[in-house]
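Reading through the structure tokens given below for one structure.
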Amino acid sequence: MTEAAITVQGLVKRYGEVTAVDGISFEVRRGEVFGLLGPNGAGKTTTVECLEGLRVPDAGEIRVLGEIPSPTNYALKAKLGIQLQETAFLSRLTVEETLHLFGQLYPRHRNIRELIELVALGEKRKRQVRELSGGQRQRLAVALAMVNDPELLVLDEPTAGLDPQARRALWEVILGLKQEQKTVLLTTHYLEEAEYLCDRVAILDHGHIIALGPPRELVAEHFRETPIEVELSGPADGVDFSHLPGVARAVSDREVVVLYSTAPTETIRAVSRLAEEGKLPLRDLVLRRPSLEDVYLLLTGRRIRE
Ligand SMILES: Nc1ncnc2c1ncn2[C@@H]1O[C@H](COP(=O)(O)OP(=O)(O)OP(=O)(O)O)[C@@H](O)[C@H]1O
Ligand SMILES: [Mg+2]
């Protein structure tokens, strides 16, 4: 099948005076991990809830697996796995009972034991949901999204509140879904997570998409030069950094000179040579890779997490 898993055309959603989503369009291809990124209030959850049929758009067109989402489109629901930003559980059911209960609502479901192991809740299998920590509940919510073995998973901040180790583990679960040819749409405000997981991302800001594409391409598009930080142990009189090979721009900040280079290897070689010849008191040299965080900063003038 070549048709997209999700298409969104000109989606608008308002809450009274607030325009939460202001005419966005994007496509999620089958088999890809697609990320919706943005700070608090950007419109991620609103978009996701429209895709899930939980909210009715004010304008625009949505197709999810070829269908129009709605609360009563049960055929679509069977193919969809949803993890909401906040999940309400039945607090006296155990982890295992919870998954069994929801699994039974579908014509087919994954093996519950395996699912519990997958999200590393094995030790908590017989525990009531109310006894779980926030991070453990979060993992249970992700397991619930997978219980019907859906073609398409929509995960709203799946790694929120998880410690670094649990976050990493969940990344592997998500990449495992991709291996199984599933399509995943996730929201996050962790840019390094998006860089690691997503084939493509849309950066949302105030209800608008301000950038869309594969993370690496977005970074390359906005940053042609690689920053190289040269740390000095003393003055480097007589060295004209801006004329070193590859250097487009040099910015000095006390003992550190940042060289923006279009040919980092050549620039580094030239800097090392100057140091070897005793012309440059070099203490350290760091090559920094610009990231999505830099792209976001460049486009909005703000950091995504204050
Ligand atoms: N039920 C609601 N009623 C009124 N306004 C809402 C409602 N839900 C969201 N909003 C507003 O819509 C905007 C977008 O909210 P949304 O929850 O989609 O953002 P988000 O990107 O998911 O943010 P977060 O990262 O905090 O989850 C915000 O300004 C928010 O205050
Ligand atoms: Mg949200």
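Letters for chains follow the order of the structure tokens (A, B, ...), residue numbers begin at 1 for each chain, and ligand numbers begin at 1 in the order shown.
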
- [ ] Select the residues contacting ligand 2 at a distance of at most 12 Å, based on only C-alpha atoms and all ligand atoms, then format the selection as number ranges by chain.
- [x] A: 20, 36-49, 83-86, 155-158, 160, 186-189, 204

Task: Contacts of A:Val251 within 9 Å, only C-alpha atoms, excl. fewer than 2 positions in-chain, as a PyMOL selection string - done: chain A and resi 241-242+249+253+256-260

Excluding A:Glu195 and any residue of its chain fewer than 4 positions from it, enumerate the residues within 8 Å of it, using only C-alpha atoms, and give them as a PDB file with N, CA and C atoms, in the first residue's frame.
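And here's around09.pdb as it stands now:
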```
ATOM      1  N   LEU A 191      13.851  16.985  22.321  1.00  0.00           N
ATOM      2  CA  LEU A 191      14.342  17.034  20.948  1.00  0.00           C
ATOM      3  C   LEU A 191      15.329  15.918  20.647  1.00  0.00           C
ATOM      4  N   PRO A 215      14.929  14.872  10.875  1.00  0.00           N
ATOM      5  CA  PRO A 215      15.730  15.694  11.790  1.00  0.00           C
ATOM      6  C   PRO A 215      17.078  16.125  11.201  1.00  0.00           C
ATOM      7  N   ARG A 216      17.811  15.189  10.621  1.00  0.00           N
ATOM      8  CA  ARG A 216      19.125  15.526  10.087  1.00  0.00           C
ATOM      9  C   ARG A 216      19.046  16.571   8.989  1.00  0.00           C
ATOM     10  N   LEU A 292      18.500  19.561  16.648  1.00  0.00           N
ATOM     11  CA  LEU A 292      17.154  20.117  16.482  1.00  0.00           C
ATOM     12  C   LEU A 292      16.924  21.259  17.469  1.00  0.00           C
TER      13      LEU A 292
END
```

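Shortest atom-to-atom contact with ligand 1 among A:Ala59, A:Ala202, A:Val18, A:Ala145: A:Val18, counting only C-alpha atoms and all ligand atoms.
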
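Rounded to one decimal, atom CA of A:Arg29 and atom CA of A:Ala4 lie 4.6 Å from each other.
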
- [ ] Using only C-alpha atoms and all ligand atoms, find the one residue out of A:Val295, A:Ile203, A:Ala5, A:Ile210 that sits nearest to ligand 1.
- [x]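 Closest to ligand 1, using only C-alpha atoms and all ligand atoms: A:Ile203.
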
Task: Secondary structure check, helix (DSSP H, G or I) residues of stretch 119-305 of chain A, as a ChimeraX atom specification - done: /A:122-124,129-131,134-146,164-179,191-197,215-222,241-243,264-276,292-300

Generate the output file for the selected residues, C-alpha atoms, as a PDB file, in the first residue's frame.
```pdb
ATOM      1  CA  GLY A 122       7.124  -8.032  34.964  1.00  0.00           C
ATOM      2  CA  GLU A 123       7.681  -7.468  38.680  1.00  0.00           C
ATOM      3  CA  LYS A 124       4.462  -5.488  38.936  1.00  0.00           C
ATOM      4  CA  VAL A 129      -2.604  -0.072  39.302  1.00  0.00           C
ATOM      5  CA  ARG A 130      -2.940   2.311  42.256  1.00  0.00           C
ATOM      6  CA  GLU A 131       0.327   0.934  43.631  1.00  0.00           C
ATOM      7  CA  GLY A 134       4.015   7.579  37.743  1.00  0.00           C
ATOM      8  CA  GLY A 135       6.600   6.158  35.353  1.00  0.00           C
ATOM      9  CA  GLN A 136       5.187   2.647  35.712  1.00  0.00           C
ATOM     10  CA  ARG A 137       1.670   3.900  34.939  1.00  0.00           C
ATOM     11  CA  GLN A 138       3.067   5.643  31.909  1.00  0.00           C
ATOM     12  CA  ARG A 139       4.560   2.365  30.686  1.00  0.00           C
ATOM     13  CA  LEU A 140       1.256   0.595  31.323  1.00  0.00           C
ATOM     14  CA  ALA A 141      -0.476   3.249  29.206  1.00  0.00           C
ATOM     15  CA  VAL A 142       1.922   2.518  26.350  1.00  0.00           C
ATOM     16  CA  ALA A 143       1.319  -1.216  26.750  1.00  0.00           C
ATOM     17  CA  LEU A 144      -2.439  -0.562  26.553  1.00  0.00           C
ATOM     18  CA  ALA A 145      -1.918   1.296  23.286  1.00  0.00           C
ATOM     19  CA  MET A 146      -0.253  -1.829  21.930  1.00  0.00           C
ATOM     20  CA  PRO A 164      16.555   8.102  31.615  1.00  0.00           C
ATOM     21  CA  GLN A 165      16.810   4.326  31.746  1.00  0.00           C
ATOM     22  CA  ALA A 166      13.076   3.746  31.307  1.00  0.00           C
ATOM     23  CA  ARG A 167      13.028   6.332  28.536  1.00  0.00           C
ATOM     24  CA  ARG A 168      15.804   4.504  26.666  1.00  0.00           C
ATOM     25  CA  ALA A 169      13.974   1.205  27.124  1.00  0.00           C
ATOM     26  CA  LEU A 170      10.804   2.686  25.690  1.00  0.00           C
ATOM     27  CA  TRP A 171      12.736   4.046  22.727  1.00  0.00           C
ATOM     28  CA  GLU A 172      13.732   0.479  21.945  1.00  0.00           C
ATOM     29  CA  VAL A 173      10.091  -0.644  22.229  1.00  0.00           C
ATOM     30  CA  ILE A 174       9.100   2.048  19.728  1.00  0.00           C
ATOM     31  CA  LEU A 175      11.902   1.111  17.345  1.00  0.00           C
ATOM     32  CA  GLY A 176      10.746  -2.507  17.720  1.00  0.00           C
ATOM     33  CA  LEU A 177       7.280  -1.464  16.516  1.00  0.00           C
ATOM     34  CA  LYS A 178       8.899   0.124  13.493  1.00  0.00           C
ATOM     35  CA  GLN A 179      10.689  -3.170  12.824  1.00  0.00           C
ATOM     36  CA  LEU A 191      14.342  17.034  20.948  1.00  0.00           C
ATOM     37  CA  GLU A 192      17.103  14.478  21.404  1.00  0.00           C
ATOM     38  CA  GLU A 193      14.392  11.833  21.626  1.00  0.00           C
ATOM     39  CA  ALA A 194      12.914  12.992  18.342  1.00  0.00           C
ATOM     40  CA  GLU A 195      16.336  12.961  16.735  1.00  0.00           C
ATOM     41  CA  TYR A 196      16.921   9.421  17.869  1.00  0.00           C
ATOM     42  CA  LEU A 197      13.499   7.950  17.077  1.00  0.00           C
ATOM     43  CA  PRO A 215      15.730  15.694  11.790  1.00  0.00           C
ATOM     44  CA  ARG A 216      19.125  15.526  10.087  1.00  0.00           C
ATOM     45  CA  GLU A 217      17.889  17.394   7.034  1.00  0.00           C
ATOM     46  CA  LEU A 218      16.262  20.083   9.148  1.00  0.00           C
ATOM     47  CA  VAL A 219      19.512  20.581  10.964  1.00  0.00           C
ATOM     48  CA  ALA A 220      21.575  20.563   7.763  1.00  0.00           C
ATOM     49  CA  GLU A 221      19.158  22.959   6.069  1.00  0.00           C
ATOM     50  CA  HIS A 222      19.527  25.540   8.813  1.00  0.00           C
ATOM     51  CA  PHE A 241      41.031  32.494  12.751  1.00  0.00           C
ATOM     52  CA  SER A 242      38.572  33.727  10.154  1.00  0.00           C
ATOM     53  CA  HIS A 243      41.067  32.949   7.389  1.00  0.00           C
ATOM     54  CA  PRO A 264      35.546  20.754   9.689  1.00  0.00           C
ATOM     55  CA  THR A 265      38.274  18.200   8.939  1.00  0.00           C
ATOM     56  CA  GLU A 266      40.429  20.781   7.168  1.00  0.00           C
ATOM     57  CA  THR A 267      39.810  23.387   9.831  1.00  0.00           C
ATOM     58  CA  ILE A 268      40.773  20.983  12.600  1.00  0.00           C
ATOM     59  CA  ARG A 269      43.920  19.990  10.712  1.00  0.00           C
ATOM     60  CA  ALA A 270      44.942  23.645  10.333  1.00  0.00           C
ATOM     61  CA  VAL A 271      44.326  24.357  14.011  1.00  0.00           C
ATOM     62  CA  SER A 272      46.391  21.318  15.059  1.00  0.00           C
ATOM     63  CA  ARG A 273      49.217  22.370  12.774  1.00  0.00           C
ATOM     64  CA  LEU A 274      49.316  25.861  14.310  1.00  0.00           C
ATOM     65  CA  ALA A 275      49.417  24.286  17.766  1.00  0.00           C
ATOM     66  CA  GLU A 276      52.247  21.912  16.804  1.00  0.00           C
ATOM     67  CA  LEU A 292      17.154  20.117  16.482  1.00  0.00           C
ATOM     68  CA  GLU A 293      17.449  22.196  19.633  1.00  0.00           C
ATOM     69  CA  ASP A 294      19.573  24.683  17.628  1.00  0.00           C
ATOM     70  CA  VAL A 295      16.974  24.661  14.835  1.00  0.00           C
ATOM     71  CA  TYR A 296      14.165  25.378  17.272  1.00  0.00           C
ATOM     72  CA  LEU A 297      16.190  28.146  18.883  1.00  0.00           C
ATOM     73  CA  LEU A 298      16.953  29.668  15.506  1.00  0.00           C
ATOM     74  CA  LEU A 299      13.336  29.583  14.300  1.00  0.00           C
ATOM     75  CA  THR A 300      11.625  30.792  17.459  1.00  0.00           C
TER      76      THR A 300
END
```

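Across the model, the gap from atom CA of A:Ile24 to atom CA of A:Glu61 is 10.1 Å.
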
- [ ] Go through stretch 28-250 of chain A and collect every residue that DSSP, computed from the backbone, puts in strand (DSSP E or B); the answer should be as a PyMOL selection string.
- [x] chain A and resi 28+33-37+59-64+67+80-83+94+128+152-156+183-188+200-205+208-213+226-232+247-250

- [ ] Rounded to one decimal place, report the atom 9 (C, counted along the ligand's line) of ligand 1-atom CA of A:Asp205 distance in Å.
- [x]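 Pair atom 9 (C, counted along the ligand's line) of ligand 1 / atom CA of A:Asp205 returns 13.7 Å.
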
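Candidate residues A:Ala120, A:Gly60, A:Arg30, A:Ile209 were compared for distance to ligand 1, and the nearest is A:Ile209, using only C-alpha atoms and all ligand atoms.
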
- [ ] Write out as a list in words which residues come within 7 Å of A:Phe26 when counting only C-alpha atoms, dropping same-chain ones fewer than 6 positions away.
- [x]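 My list of contacting residues is Thr7, Val8 and Gln9 of chain A.
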
Residue selection dump (N, CA, C and O atoms) as a PDB file, in the first residue's frame:
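See out16.pdb below for the written result:
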```
ATOM      1  N   THR A   7      -3.265  11.574   6.742  1.00  0.00           N
ATOM      2  CA  THR A   7      -3.120  12.859   6.038  1.00  0.00           C
ATOM      3  C   THR A   7      -3.956  13.901   6.762  1.00  0.00           C
ATOM      4  O   THR A   7      -5.090  13.649   7.174  1.00  0.00           O
ATOM      5  N   VAL A   8      -3.350  15.056   6.931  1.00  0.00           N
ATOM      6  CA  VAL A   8      -3.998  16.180   7.599  1.00  0.00           C
ATOM      7  C   VAL A   8      -3.866  17.376   6.659  1.00  0.00           C
ATOM      8  O   VAL A   8      -2.776  17.694   6.209  1.00  0.00           O
ATOM      9  N   GLN A   9      -5.004  17.967   6.322  1.00  0.00           N
ATOM     10  CA  GLN A   9      -5.036  19.105   5.396  1.00  0.00           C
ATOM     11  C   GLN A   9      -5.726  20.289   6.047  1.00  0.00           C
ATOM     12  O   GLN A   9      -6.927  20.230   6.322  1.00  0.00           O
TER      13      GLN A   9
END
```

Task: Nearest to A:Val119, chosen from A:Ser261, A:Arg63, A:Thr159, A:Phe89, with only C-alpha atoms counted in the distances - done: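 Looking only at the distances to A:Val119, the closest residue turns out to be A:Thr159.
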